Structures are given as structure tokens and as C-alpha cells.
$ cat entry-v2.cif   # mmCIF, C-alpha atoms and all ligand atoms
data_start
loop_
_atom_site.group_PDB
_atom_site.id
_atom_site.type_symbol
_atom_site.label_atom_id
_atom_site.label_comp_id
_atom_site.auth_asym_id
_atom_site.auth_seq_id
_atom_site.Cartn_x
_atom_site.Cartn_y
_atom_site.Cartn_z
ATOM 1 C CA MET S 1 -21.658 -4.805 10.516
ATOM 2 C CA SER S 2 -23.645 -6.182 7.572
ATOM 3 C CA ASP S 3 -22.468 -9.430 6.067
ATOM 4 C CA SER S 4 -23.746 -8.600 2.596
ATOM 5 C CA LEU S 5 -21.890 -6.966 -0.239
ATOM 6 C CA ASN S 6 -22.948 -3.470 -1.223
ATOM 7 C CA PHE S 7 -22.790 -2.327 -4.803
ATOM 8 C CA ALA S 8 -22.447 1.193 -6.043
ATOM 9 C CA PRO S 9 -25.452 2.480 -7.982
ATOM 10 C CA GLU S 10 -23.655 2.493 -11.332
ATOM 11 C CA ASP S 11 -23.082 -1.248 -11.169
ATOM 12 C CA HIS S 12 -25.758 -3.417 -12.659
ATOM 13 C CA GLN S 13 -23.843 -6.554 -13.449
ATOM 14 C CA ILE S 14 -21.908 -8.644 -11.025
ATOM 15 C CA ALA S 15 -19.940 -11.849 -11.001
ATOM 16 C CA VAL S 16 -19.075 -12.595 -7.426
ATOM 17 C CA GLY S 17 -20.175 -16.187 -7.189
ATOM 18 C CA GLY S 18 -16.752 -17.698 -7.838
ATOM 19 C CA PRO S 19 -15.420 -19.123 -11.101
ATOM 20 C CA GLY S 20 -18.301 -19.599 -13.476
ATOM 21 C CA GLY S 21 -20.687 -18.272 -10.868
ATOM 22 C CA GLY S 22 -21.842 -15.086 -12.601
ATOM 23 C CA HIS S 23 -25.342 -13.738 -12.855
ATOM 24 C CA ALA S 24 -27.436 -12.719 -15.831
ATOM 25 C CA PRO S 25 -26.096 -9.535 -17.444
ATOM 26 C CA GLY S 26 -27.992 -6.407 -16.495
ATOM 27 C CA VAL S 27 -29.196 -7.830 -13.200
ATOM 28 C CA SER S 28 -28.321 -6.223 -9.920
ATOM 29 C CA VAL S 29 -27.880 -8.807 -7.196
ATOM 30 C CA ARG S 30 -27.212 -8.434 -3.510
ATOM 31 C CA HIS S 31 -24.919 -11.268 -2.599
ATOM 32 C CA SER S 32 -25.625 -12.628 0.861
ATOM 33 C CA ARG S 33 -23.293 -15.045 2.519
ATOM 34 C CA ALA S 34 -23.724 -17.715 5.087
ATOM 35 C CA LYS S 35 -21.874 -17.135 8.358
ATOM 36 C CA GLY S 36 -18.196 -17.875 7.833
ATOM 37 C CA GLU S 37 -18.447 -17.905 4.039
ATOM 38 C CA PRO S 38 -15.554 -15.846 2.640
ATOM 39 C CA ARG S 39 -16.457 -12.578 0.954
ATOM 40 C CA PHE S 40 -14.483 -13.436 -2.175
ATOM 41 C CA PRO S 41 -13.749 -17.176 -2.315
ATOM 42 C CA ASP S 42 -10.755 -16.678 -4.613
ATOM 43 C CA GLY S 43 -9.978 -13.141 -3.498
ATOM 44 C CA PRO S 44 -8.176 -11.502 -0.598
ATOM 45 C CA GLN S 45 -8.559 -13.012 2.839
ATOM 46 C CA ALA S 46 -10.772 -11.320 5.388
ATOM 47 C CA ASP S 47 -9.235 -9.400 8.271
ATOM 48 C CA PRO S 48 -6.529 -7.505 6.452
ATOM 49 C CA ALA S 49 -6.106 -5.474 9.610
ATOM 50 C CA GLY S 50 -4.115 -8.418 10.895
ATOM 51 C CA SER S 51 -5.895 -8.664 14.205
ATOM 52 C CA HIS S 52 -5.516 -12.425 13.843
ATOM 53 C CA PHE S 53 -1.804 -11.882 14.110
ATOM 54 C CA GLU S 54 -1.352 -9.595 17.096
ATOM 55 C CA ARG S 55 -2.850 -6.660 18.939
ATOM 56 C CA ARG S 56 -1.136 -3.331 18.530
ATOM 57 C CA ILE S 57 -1.693 0.277 17.495
ATOM 58 C CA ARG S 58 -2.244 0.500 13.753
ATOM 59 C CA SER S 59 -1.629 3.252 11.244
ATOM 60 C CA PHE S 60 -4.999 2.768 9.573
ATOM 61 C CA GLN S 61 -8.626 2.626 10.522
ATOM 62 C CA PRO S 62 -10.373 -0.516 9.251
ATOM 63 C CA ARG S 63 -13.271 0.787 7.141
ATOM 64 C CA ARG S 64 -16.613 -0.634 6.134
ATOM 65 C CA SER S 65 -16.113 -1.017 2.457
ATOM 66 C CA ARG S 66 -18.502 -0.781 -0.427
ATOM 67 C CA VAL S 67 -17.208 -2.892 -3.288
ATOM 68 C CA THR S 68 -18.502 -2.262 -6.791
ATOM 69 C CA ALA S 69 -19.303 -5.141 -9.112
ATOM 70 C CA GLY S 70 -16.267 -4.279 -11.249
ATOM 71 C CA GLN S 71 -13.993 -4.363 -8.207
ATOM 72 C CA ALA S 72 -15.532 -7.622 -6.981
ATOM 73 C CA ASP S 73 -15.000 -9.179 -10.380
ATOM 74 C CA ALA S 74 -11.349 -8.097 -10.439
ATOM 75 C CA LEU S 75 -10.774 -9.449 -6.927
ATOM 76 C CA GLN S 76 -12.251 -12.816 -7.848
ATOM 77 C CA ARG S 77 -10.553 -13.111 -11.205
ATOM 78 C CA LEU S 78 -7.133 -11.557 -10.630
ATOM 79 C CA TRP S 79 -6.337 -12.045 -6.954
ATOM 80 C CA PRO S 80 -5.066 -15.627 -7.430
ATOM 81 C CA HIS S 81 -2.514 -14.303 -9.964
ATOM 82 C CA TRP S 82 -1.566 -10.850 -8.651
ATOM 83 C CA GLY S 83 -2.631 -10.751 -5.028
ATOM 84 C CA LEU S 84 -0.588 -11.320 -1.901
ATOM 85 C CA ASP S 85 -2.263 -11.892 1.444
ATOM 86 C CA ILE S 86 -0.194 -10.474 4.240
ATOM 87 C CA ASP S 87 -0.631 -13.215 6.794
ATOM 88 C CA GLY S 88 2.796 -13.011 8.392
ATOM 89 C CA GLN S 89 3.249 -16.747 7.889
ATOM 90 C CA ARG S 90 5.953 -17.032 5.224
ATOM 91 C CA ILE S 91 8.858 -15.326 3.508
ATOM 92 C CA VAL S 92 7.944 -13.914 0.113
ATOM 93 C CA ASP S 93 10.267 -14.628 -2.777
ATOM 94 C CA LEU S 94 9.917 -11.384 -4.737
ATOM 95 C CA ALA S 95 11.460 -12.815 -7.915
ATOM 96 C CA GLU S 96 8.864 -15.572 -7.821
ATOM 97 C CA LEU S 97 6.043 -13.147 -7.068
ATOM 98 C CA PHE S 98 6.872 -10.951 -10.080
ATOM 99 C CA GLY S 99 8.326 -13.634 -12.324
ATOM 100 C CA ASN S 100 11.564 -11.708 -12.822
ATOM 101 C CA THR S 101 14.457 -10.192 -10.886
ATOM 102 C CA ARG S 102 13.802 -6.518 -11.680
ATOM 103 C CA PRO S 103 14.018 -3.993 -8.851
ATOM 104 C CA VAL S 104 11.064 -3.957 -6.465
ATOM 105 C CA VAL S 105 9.606 -0.841 -4.876
ATOM 106 C CA LEU S 106 7.134 -1.137 -1.997
ATOM 107 C CA GLU S 107 4.262 1.359 -1.962
ATOM 108 C CA ILE S 108 2.426 1.534 1.353
ATOM 109 C CA GLY S 109 -1.168 2.829 1.261
ATOM 110 C CA PHE S 110 -2.035 3.140 -2.432
ATOM 111 C CA GLY S 111 -5.677 4.070 -1.761
ATOM 112 C CA MET S 112 -7.599 3.563 -5.006
ATOM 113 C CA GLY S 113 -4.382 2.904 -6.932
ATOM 114 C CA GLU S 114 -4.651 5.396 -9.806
ATOM 115 C CA ALA S 115 -1.210 6.890 -9.122
ATOM 116 C CA THR S 116 0.272 3.401 -8.682
ATOM 117 C CA ALA S 117 -1.036 2.248 -12.053
ATOM 118 C CA ARG S 118 0.353 5.354 -13.749
ATOM 119 C CA MET S 119 3.792 4.906 -12.186
ATOM 120 C CA ALA S 120 3.830 1.238 -13.186
ATOM 121 C CA ALA S 121 2.931 2.126 -16.776
ATOM 122 C CA GLN S 122 5.599 4.838 -16.937
ATOM 123 C CA ASP S 123 8.338 2.558 -15.616
ATOM 124 C CA PRO S 124 7.846 -1.056 -16.761
ATOM 125 C CA GLY S 125 11.380 -1.957 -15.648
ATOM 126 C CA THR S 126 10.429 -1.497 -11.993
ATOM 127 C CA ASN S 127 8.134 -3.849 -10.089
ATOM 128 C CA ILE S 128 5.696 -2.241 -7.673
ATOM 129 C CA LEU S 129 4.445 -4.147 -4.660
ATOM 130 C CA ALA S 130 1.475 -2.016 -3.646
ATOM 131 C CA VAL S 131 -0.042 -2.660 -0.221
ATOM 132 C CA ASP S 132 -3.255 -1.469 1.367
ATOM 133 C CA VAL S 133 -5.977 -2.805 3.613
ATOM 134 C CA HIS S 134 -8.755 -1.190 1.597
ATOM 135 C CA THR S 135 -10.649 -3.848 -0.390
ATOM 136 C CA PRO S 136 -12.310 -1.532 -2.975
ATOM 137 C CA GLY S 137 -8.904 -0.001 -3.725
ATOM 138 C CA GLN S 138 -7.387 -3.464 -4.196
ATOM 139 C CA GLY S 139 -10.112 -4.306 -6.717
ATOM 140 C CA ASN S 140 -9.731 -0.947 -8.437
ATOM 141 C CA LEU S 141 -5.954 -1.292 -8.822
ATOM 142 C CA LEU S 142 -6.271 -4.854 -10.124
ATOM 143 C CA ASN S 143 -8.766 -3.590 -12.689
ATOM 144 C CA LEU S 144 -6.553 -0.694 -13.753
ATOM 145 C CA ALA S 145 -3.535 -2.982 -14.095
ATOM 146 C CA ASP S 146 -5.544 -5.510 -16.079
ATOM 147 C CA ARG S 147 -7.028 -2.940 -18.445
ATOM 148 C CA SER S 148 -3.621 -1.349 -19.088
ATOM 149 C CA GLY S 149 -1.884 -4.694 -19.519
ATOM 150 C CA LEU S 150 0.533 -3.974 -16.673
ATOM 151 C CA THR S 151 2.653 -6.910 -15.585
ATOM 152 C CA ASN S 152 4.760 -5.106 -12.959
ATOM 153 C CA VAL S 153 2.171 -4.562 -10.207
ATOM 154 C CA ARG S 154 1.291 -6.912 -7.370
ATOM 155 C CA VAL S 155 -1.299 -6.040 -4.750
ATOM 156 C CA GLY S 156 -0.758 -6.794 -1.075
ATOM 157 C CA ASN S 157 -3.703 -7.133 1.283
ATOM 158 C CA GLY S 158 -2.962 -6.261 4.881
ATOM 159 C CA ASP S 159 -0.722 -4.315 7.201
ATOM 160 C CA ALA S 160 2.559 -3.289 5.600
ATOM 161 C CA ILE S 161 4.274 -3.515 8.994
ATOM 162 C CA ILE S 162 3.642 -7.258 9.102
ATOM 163 C CA LEU S 163 4.862 -7.594 5.520
ATOM 164 C CA LEU S 164 8.091 -5.756 6.310
ATOM 165 C CA ARG S 165 8.695 -7.463 9.623
ATOM 166 C CA GLU S 166 7.699 -11.044 8.915
ATOM 167 C CA MET S 167 7.650 -11.635 5.164
ATOM 168 C CA LEU S 168 10.438 -9.748 3.398
ATOM 169 C CA ARG S 169 14.117 -10.592 3.357
ATOM 170 C CA PRO S 170 16.823 -8.116 4.369
ATOM 171 C CA ASP S 171 17.969 -5.868 1.480
ATOM 172 C CA SER S 172 15.117 -7.070 -0.742
ATOM 173 C CA LEU S 173 13.586 -3.687 -1.632
ATOM 174 C CA ASP S 174 14.929 -1.083 -4.039
ATOM 175 C CA GLY S 175 12.625 1.661 -2.868
ATOM 176 C CA LEU S 176 9.795 2.665 -0.551
ATOM 177 C CA ARG S 177 6.914 5.011 -1.395
ATOM 178 C CA VAL S 178 4.503 6.396 1.158
ATOM 179 C CA TYR S 179 2.188 8.936 -0.425
ATOM 180 C CA PHE S 180 -0.237 10.846 1.744
ATOM 181 C CA PRO S 181 -0.308 8.460 4.688
ATOM 182 C CA ASP S 182 -3.203 9.012 7.094
ATOM 183 C CA PRO S 183 -2.196 12.239 8.888
ATOM 184 C CA TRP S 184 -3.798 11.447 12.258
ATOM 185 C CA PRO S 185 -3.996 15.155 13.131
ATOM 186 C CA LYS S 186 -5.201 14.810 16.739
ATOM 187 C CA LYS S 187 -2.399 14.726 19.296
ATOM 188 C CA ARG S 188 -3.737 11.605 20.980
ATOM 189 C CA HIS S 189 -3.560 9.846 17.590
ATOM 190 C CA HIS S 190 -0.004 10.856 16.679
ATOM 191 C CA LYS S 191 1.173 7.437 17.846
ATOM 192 C CA ARG S 192 -0.700 5.981 14.862
ATOM 193 C CA ARG S 193 1.371 7.864 12.294
ATOM 194 C CA LEU S 194 3.358 5.512 10.107
ATOM 195 C CA ILE S 195 6.551 7.504 9.742
ATOM 196 C CA GLN S 196 8.239 7.093 13.123
ATOM 197 C CA PRO S 197 11.764 6.054 14.139
ATOM 198 C CA GLU S 198 10.816 2.404 14.792
ATOM 199 C CA PHE S 199 9.149 2.108 11.402
ATOM 200 C CA LEU S 200 12.223 3.574 9.700
ATOM 201 C CA THR S 201 14.509 1.097 11.469
ATOM 202 C CA LEU S 202 12.322 -1.756 10.216
ATOM 203 C CA ALA S 203 12.202 -0.340 6.669
ATOM 204 C CA ALA S 204 15.973 0.239 6.636
ATOM 205 C CA ALA S 205 16.522 -3.454 7.321
ATOM 206 C CA ARG S 206 14.575 -4.399 4.172
ATOM 207 C CA LEU S 207 15.973 -1.713 1.847
ATOM 208 C CA ARG S 208 19.145 -2.114 -0.166
ATOM 209 C CA PRO S 209 21.827 0.509 0.445
ATOM 210 C CA GLY S 210 21.141 3.407 -1.928
ATOM 211 C CA ALA S 211 17.388 2.650 -2.138
ATOM 212 C CA LEU S 212 15.167 5.710 -2.414
ATOM 213 C CA VAL S 213 12.582 6.446 0.270
ATOM 214 C CA HIS S 214 9.925 8.805 -1.022
ATOM 215 C CA CYS S 215 7.233 10.268 1.219
ATOM 216 C CA ALA S 216 4.707 12.990 0.502
ATOM 217 C CA THR S 217 2.048 14.631 2.625
ATOM 218 C CA ASP S 218 -0.291 17.602 2.532
ATOM 219 C CA TRP S 219 -0.359 17.857 6.331
ATOM 220 C CA GLU S 220 2.418 20.259 7.271
ATOM 221 C CA PRO S 221 2.939 19.158 10.896
ATOM 222 C CA TYR S 222 3.325 15.577 9.636
ATOM 223 C CA ALA S 223 5.758 16.742 6.945
ATOM 224 C CA GLN S 224 7.833 18.357 9.692
ATOM 225 C CA GLN S 225 7.722 15.139 11.721
ATOM 226 C CA MET S 226 8.796 13.136 8.653
ATOM 227 C CA LEU S 227 11.685 15.506 7.994
ATOM 228 C CA GLU S 228 12.793 15.362 11.633
ATOM 229 C CA VAL S 229 12.715 11.596 12.039
ATOM 230 C CA LEU S 230 14.226 10.836 8.621
ATOM 231 C CA SER S 231 17.011 13.407 9.117
ATOM 232 C CA ALA S 232 17.796 12.086 12.595
ATOM 233 C CA HIS S 233 17.838 8.432 11.551
ATOM 234 C CA PRO S 234 21.363 7.039 11.026
ATOM 235 C CA ASP S 235 20.272 4.790 8.137
ATOM 236 C CA PHE S 236 18.913 7.549 5.875
ATOM 237 C CA ASP S 237 20.479 10.503 4.039
ATOM 238 C CA ASN S 238 18.547 13.407 2.601
ATOM 239 C CA THR S 239 19.025 13.723 -1.179
ATOM 240 C CA GLN S 240 18.542 17.494 -0.857
ATOM 241 C CA PRO S 241 21.778 19.386 -0.239
ATOM 242 C CA ASP S 242 19.947 21.929 1.949
ATOM 243 C CA GLY S 243 18.538 19.129 4.141
ATOM 244 C CA GLY S 244 14.938 20.128 3.404
ATOM 245 C CA TYR S 245 11.952 19.043 1.322
ATOM 246 C CA ALA S 246 12.366 17.923 -2.293
ATOM 247 C CA PRO S 247 10.570 19.154 -5.391
ATOM 248 C CA ARG S 248 7.958 16.621 -6.524
ATOM 249 C CA PRO S 249 9.845 14.223 -8.815
ATOM 250 C CA ASP S 250 8.404 13.748 -12.326
ATOM 251 C CA PHE S 251 7.670 10.082 -11.647
ATOM 252 C CA ARG S 252 5.141 10.816 -8.910
ATOM 253 C CA PRO S 253 1.702 11.621 -10.367
ATOM 254 C CA LEU S 254 -0.836 13.652 -8.454
ATOM 255 C CA THR S 255 -2.714 11.287 -6.156
ATOM 256 C CA ARG S 256 -6.412 11.231 -5.284
ATOM 257 C CA PHE S 257 -5.834 12.200 -1.654
ATOM 258 C CA GLU S 258 -3.401 14.932 -2.703
ATOM 259 C CA GLY S 259 -6.057 16.417 -5.001
ATOM 260 C CA GLN S 260 -8.458 16.622 -2.066
ATOM 261 C CA GLY S 261 -5.787 18.339 0.043
ATOM 262 C CA LEU S 262 -4.970 20.841 -2.689
ATOM 263 C CA ASP S 263 -8.675 21.686 -3.017
ATOM 264 C CA LYS S 264 -8.604 22.619 0.661
ATOM 265 C CA GLY S 265 -5.569 24.859 0.117
ATOM 266 C CA HIS S 266 -3.088 22.477 1.746
ATOM 267 C CA VAL S 267 0.622 22.675 0.963
ATOM 268 C CA VAL S 268 2.197 19.461 -0.321
ATOM 269 C CA ASN S 269 5.708 18.449 0.690
ATOM 270 C CA ASP S 270 7.786 15.634 -0.807
ATOM 271 C CA LEU S 271 10.708 14.036 1.025
ATOM 272 C CA LEU S 272 13.398 12.052 -0.793
ATOM 273 C CA PHE S 273 15.928 10.160 1.271
ATOM 274 C CA ARG S 274 18.371 7.355 0.481
ATOM 275 C CA ARG S 275 19.136 4.249 2.487
ATOM 276 C CA ALA S 276 22.651 4.966 3.703
ATOM 277 C CA GLU S 277 25.473 2.801 2.372
ATOM 278 C CA HIS S 278 26.866 2.020 5.797
ATOM 279 C CA ARG S 279 25.302 -0.465 8.156
ATOM 280 C CA ASP S 280 25.185 -0.110 11.916
ATOM 281 C CA GLN S 281 26.039 -3.742 12.448
ATOM 282 C CA PRO S 282 27.426 -5.117 15.666
ATOM 283 C CA SER S 283 31.141 -5.807 15.418
ATOM 284 C CA ALA S 284 32.531 -9.330 15.891
ATOM 285 C CA ASP S 285 33.607 -8.308 19.448
ATOM 286 C CA ASP S 286 30.066 -7.405 20.554
HETATM 287 C C1 LIG B 1 -4.884 8.816 3.175
HETATM 288 S S1 LIG B 1 -4.855 7.398 2.201
HETATM 289 C C2 LIG B 1 -3.829 7.860 0.826
HETATM 290 C C3 LIG B 1 -4.031 6.982 -0.357
HETATM 291 C C4 LIG B 1 -3.202 7.316 -1.600
HETATM 292 N N1 LIG B 1 -1.785 7.134 -1.360
HETATM 293 C C5 LIG B 1 -3.482 8.700 -2.103
HETATM 294 O O1 LIG B 1 -2.606 9.560 -1.974
HETATM 295 O O2 LIG B 1 -4.570 8.928 -2.643
HETATM 296 C C6 LIG B 1 -3.777 6.346 3.146
HETATM 297 C C7 LIG B 1 -3.925 4.881 2.822
HETATM 298 O O3 LIG B 1 -2.943 4.163 3.537
HETATM 299 C C8 LIG B 1 -3.490 2.930 3.949
HETATM 300 N N2 LIG B 1 -2.659 2.432 5.070
HETATM 301 C C9 LIG B 1 -2.385 3.087 6.218
HETATM 302 N N3 LIG B 1 -1.570 2.357 6.991
HETATM 303 C C10 LIG B 1 -1.316 1.200 6.319
HETATM 304 C C11 LIG B 1 -0.560 0.029 6.621
HETATM 305 N N4 LIG B 1 0.122 -0.095 7.782
HETATM 306 N N5 LIG B 1 -0.529 -0.961 5.728
HETATM 307 C C12 LIG B 1 -1.220 -0.864 4.564
HETATM 308 N N6 LIG B 1 -1.956 0.231 4.221
HETATM 309 C C13 LIG B 1 -2.009 1.246 5.093
HETATM 310 C C14 LIG B 1 -4.931 3.272 4.299
HETATM 311 O O4 LIG B 1 -5.775 2.137 4.250
HETATM 312 C C15 LIG B 1 -5.270 4.290 3.210
HETATM 313 O O5 LIG B 1 -5.846 3.672 2.086
#
$ encode --input "entry-v2.cif" --output "C-alpha cells" --more "lines below"
Ligand SMILES: C[S@@+](CC[C@H](N)C(=O)[O-])C[C@H]1O[C@@H](n2cnc3c(N)ncnc32)[C@H](O)[C@@H]1O
Amino acid sequence: MSDSLNFAPEDHQIAVGGPGGGHAPGVSVRHSRAKGEPRFPDGPQADPAGSHFERRIRSFQPRRSRVTAGQADALQRLWPHWGLDIDGQRIVDLAELFGNTRPVVLEIGFGMGEATARMAAQDPGTNILAVDVHTPGQGNLLNLADRSGLTNVRVGNGDAIILLREMLRPDSLDGLRVYFPDPWPKKRHHKRRLIQPEFLTLAAARLRPGALVHCATDWEPYAQQMLEVLSAHPDFDNTQPDGGYAPRPDFRPLTRFEGQGLDKGHVVNDLLFRRAEHRDQPSADD
């Protein structure tokens, strides 16, 4: 894998050399790094896949990423304020992270972040902790948030499983959004799908009773799997009286990945479940 940054053709001006380390406007520069030099000195840490943390099957494929100059600039400039590296090493105080005690919704896999930015703008009273491993998307979302003056978005870099398991407190989330997770259509890859019973048990432990879990997919066999595992899980109740899929709620914009699925004639299904009020806690006699 190349160690140098790649820039999209439309970018002619970059500022990736750290604070004050920009280049002359109008000049296209390939930034090469010495071995071990971080890609963005003030930006997200390398290895968001979390392989430093443990070896296990992951729900995403680490990708070689092309970062535009605009995204690189946003990562350098805004990451120290709005970024969260998922290193599994500490508990995150969400009130401190957002600077207020408003409800926090976790979005796993925001892609390029357009839908996230729109939801944040539509609902300023809700904080969105948006997590992905995809560096260009992190830069893009930071840029969108900055340009729109959004104060209720924070961007997590890394595996959401590690965030949920190691870094969030019980009952700390008011909602969970998983829009168009990687469908992993091949049978031998089904084990990589995010929405599985073990994942739901972990998520349930971090969600407040009554919190909304919202999933959407354009891959019908995955939608069926989601419906099965959510319906069977004791900690979640379907909001739909018929026990089926939900109409797309007004607050969810069309996403980039969804648009691609619709172009291929795919059917989109939304699922809306609530974290059950009861807890399956061991009794004092156990
Ligand atoms: C198919 S894309 C969908 C992106 C976006 N939600 C959309 O609809 O356009 C799925 C995204 O989920 C991310 N992802 C998958 N598993 C993840 C995990 N465990 N933690 C963080 N991000 C994850 C991938 O990197 C990818 O960007």
C-alpha cells in the first residue's frame, strides 16, 4: 500500500502539513511521509480497523482511501475539536464530548455523511455521534458540519463494536441508527453482518429503555435477518403493530448508498424497534 496521500483531480489546493503548514494556493502537492509519520498529525489515528486492539471478524472491509484536499483540511483542522478516536482505552463522557446533556444517538456507518449532516440540521436538540472507519467520509462529514454551522455532530473513527463495548456507559444512548450496513451477500460472509443477536445484546446494554433502534437496508435477505433477530431479541419491541417493517420516518433522508440501491431496482426496508423497558437482570438470589 502506498504511503502517500492521493488527491482527487478537482483539488488543487491542500493544507495537510499541520497547523500553519499549508502550501501556496493553486498548487497541487503530493504529500509524502516518512515511515511512521502519521497521515494527519492532528487528525484521526491510523488503524481505525482496531487491529491494534484485538483480532476478530469485522463488519467492514478496510479500504484504501483517497482523501481530497478539502477532506484533509477538515481532518487536520476540526478533528481535535469534533473527532473521537475509538481506541478502546477509556470511557467517553458524552456530556463532555458534546458540551451539553442533550440526548445522544449513535449512528454506525455514516459513509460520506450527507444524511447525517441533514438529520443533525433538522434536529438540533439531538446530538449525533457518527462512527465510521472511512477516512474520506470522516473528512467530508466534518466539512459539511462546519459549513452548516452544526454543533451537534461528533465523528468517531474506528469500529463501533469497540466503542459500544469498551467506551460507552450503560444506558448512555437515546437511539441507534444503522443505515444500509454492508450487506455481505455471500453466505460465507454472513458472519460479518452487523445486525446479529450478540450485537443487539451489546447495543441493548448501552441504550436507555425506550430508545429507538432504526435500521434500513436495500438488501432484502438482510432485511429479513434484521427483522428476525430484532423480533426474537428479548430487549427490543417492534414499534409496528403488525410486527413487520416500518414506513421510512420523515427524519431519515435518502442516503447515498440507498440511492445506488434504488437505481438498481432494490427494495428498501426500514425497521423501527424500541429498547424494551424491562431488564433481564439477574435477581439477588442468582
Ligand atoms: C454500505 S456503507 C453505507 C453508508 C451510509 N450509511 C449510506 O447509506 O450511504 C456502510 C458503512 O458502514 C461502515 N461500517 C461497517 N461496519 C462498521 C463498524 N463496525 N464500525 C464503524 N463503521 C462501520 C463502513 O465503513 C461503511 O462506510
$ atom_distance --input "entry-v2.cif" --atom1 "atom CA of S:Thr116" --atom2 "atom CA of S:His214"
13.5 Å
$ resolve_selection --input "entry-v2.cif" --expression "the PyMOL selection byres (((not hetatm)) within 6 of (chain B and resi 1))" --output "PyMOL selection string"
chain S and resi 59-60+108-111+131-134+158-161+179-182+255-258
$ resolve_selection --input "entry-v2.cif" --expression "the PyMOL selection byres (((chain S and resi 74) around 9) and not hetatm)" --output "number ranges by chain"
S: 43, 69-73, 75-79, 138-143, 146
$ write_last_selection --input "entry-v2.cif" --atoms "C-alpha atoms" --output "PDB file, in the frame of the given file"
ATOM      1  CA  GLY S  43      -9.978 -13.141  -3.498  1.00  0.00           C
ATOM      2  CA  ALA S  69     -19.303  -5.141  -9.112  1.00  0.00           C
ATOM      3  CA  GLY S  70     -16.267  -4.279 -11.249  1.00  0.00           C
ATOM      4  CA  GLN S  71     -13.993  -4.363  -8.207  1.00  0.00           C
ATOM      5  CA  ALA S  72     -15.532  -7.622  -6.981  1.00  0.00           C
ATOM      6  CA  ASP S  73     -15.000  -9.179 -10.380  1.00  0.00           C
ATOM      7  CA  LEU S  75     -10.774  -9.449  -6.927  1.00  0.00           C
ATOM      8  CA  GLN S  76     -12.251 -12.816  -7.848  1.00  0.00           C
ATOM      9  CA  ARG S  77     -10.553 -13.111 -11.205  1.00  0.00           C
ATOM     10  CA  LEU S  78      -7.133 -11.557 -10.630  1.00  0.00           C
ATOM     11  CA  TRP S  79      -6.337 -12.045  -6.954  1.00  0.00           C
ATOM     12  CA  GLN S 138      -7.387  -3.464  -4.196  1.00  0.00           C
ATOM     13  CA  GLY S 139     -10.112  -4.306  -6.717  1.00  0.00           C
ATOM     14  CA  ASN S 140      -9.731  -0.947  -8.437  1.00  0.00           C
ATOM     15  CA  LEU S 141      -5.954  -1.292  -8.822  1.00  0.00           C
ATOM     16  CA  LEU S 142      -6.271  -4.854 -10.124  1.00  0.00           C
ATOM     17  CA  ASN S 143      -8.766  -3.590 -12.689  1.00  0.00           C
ATOM     18  CA  ASP S 146      -5.544  -5.510 -16.079  1.00  0.00           C
TER      19      ASP S 146
END
$ closest_residue --input "entry-v2.cif" --among "S:Arg165, S:Arg39, S:Arg154, S:Arg147" --to "S:His81" --atoms "all atoms listed in the file"
S:Arg154
$ atom_distance --input "entry-v2.cif" --atom1 "atom CA of S:Leu212" --atom2 "atom CA of S:Asp174"
7.0 Å
$ closest_residue --input "entry-v2.cif" --among "S:Arg208, S:Gln260, S:Tyr222, S:Arg274" --to "S:Pro234" --atoms "only C-alpha atoms"
S:Arg274
$ atom_distance --input "entry-v2.cif" --atom1 "atom CA of S:Ala246" --atom2 "atom CA of S:Ala276"
17.6 Å
$ resolve_selection --input "entry-v2.cif" --expression "the PyMOL selection byres (((chain S and resi 63) around 10) and not hetatm)" --output "list of chain:residue names"
S:Ala49, S:Phe60, S:Gln61, S:Pro62, S:Arg64, S:Ser65, S:Arg66, S:Val133, S:His134, S:Thr135
$ closest_residue --input "entry-v2.cif" --among "S:Ala121, S:Ile91, S:Ala223, S:Ala46" --to "S:Arg193" --atoms "all atoms listed in the file"
S:Ala223
$ residues_around --input "entry-v2.cif" --residues "S:Pro209" --least-positions-apart "4" --cutoff "9 Å" --atoms "all atoms listed in the file" --output "list in words"
Asp171, Asp174, Ala204, Asp235, Arg274, Arg275, Ala276, Glu277, His278 and Arg279 of chain S
$ write_last_selection --input "entry-v2.cif" --atoms "C-alpha atoms" --output "PDB file, in the frame of the given file"
ATOM      1  CA  ASP S 171      17.969  -5.868   1.480  1.00  0.00           C
ATOM      2  CA  ASP S 174      14.929  -1.083  -4.039  1.00  0.00           C
ATOM      3  CA  ALA S 204      15.973   0.239   6.636  1.00  0.00           C
ATOM      4  CA  ASP S 235      20.272   4.790   8.137  1.00  0.00           C
ATOM      5  CA  ARG S 274      18.371   7.355   0.481  1.00  0.00           C
ATOM      6  CA  ARG S 275      19.136   4.249   2.487  1.00  0.00           C
ATOM      7  CA  ALA S 276      22.651   4.966   3.703  1.00  0.00           C
ATOM      8  CA  GLU S 277      25.473   2.801   2.372  1.00  0.00           C
ATOM      9  CA  HIS S 278      26.866   2.020   5.797  1.00  0.00           C
ATOM     10  CA  ARG S 279      25.302  -0.465   8.156  1.00  0.00           C
TER      11      ARG S 279
END
$ axis_aligned_box --input "entry-v2.cif" --around "stretch 141-153 of chain S" --padding-each-side "5 Å" --output "AutoDock Vina command-line options"
--center_x -2.0 --center_y -3.8 --center_z -14.2 --size_x 23.5 --size_y 16.2 --size_z 20.7
$ closest_residue --input "entry-v2.cif" --among "S:Asp270, S:Glu54, S:Asp263, S:Asp123" --to "S:Ile162" --atoms "only C-alpha atoms"
S:Glu54
$ residues_around --input "entry-v2.cif" --residues "S:Leu164" --least-positions-apart "2" --cutoff "12 Å" --atoms "only C-alpha atoms" --output "ChimeraX atom specification"
/S:86-88,90-92,106-108,129,131,156,158-162,166-173,176,199-207
$ closest_residue --input "entry-v2.cif" --among "S:Pro103, S:Pro136, S:Pro221, S:Gly210" --to "S:Phe273" --atoms "all atoms listed in the file"
S:Gly210
$ closest_residue --input "entry-v2.cif" --among "S:Val67, S:Gln224, S:Pro253, S:Pro80" --to "S:Gly113" --atoms "all atoms listed in the file"
S:Pro253
$ residues_around --input "entry-v2.cif" --residues "S:Gly244" --least-positions-apart "5" --cutoff "10 Å" --atoms "all atoms listed in the file" --output "list in words"
Gln224, Leu227, Glu228, Ser231, Asn238, Thr239, Asn269, Asp270, Leu271 and Leu272 of chain S
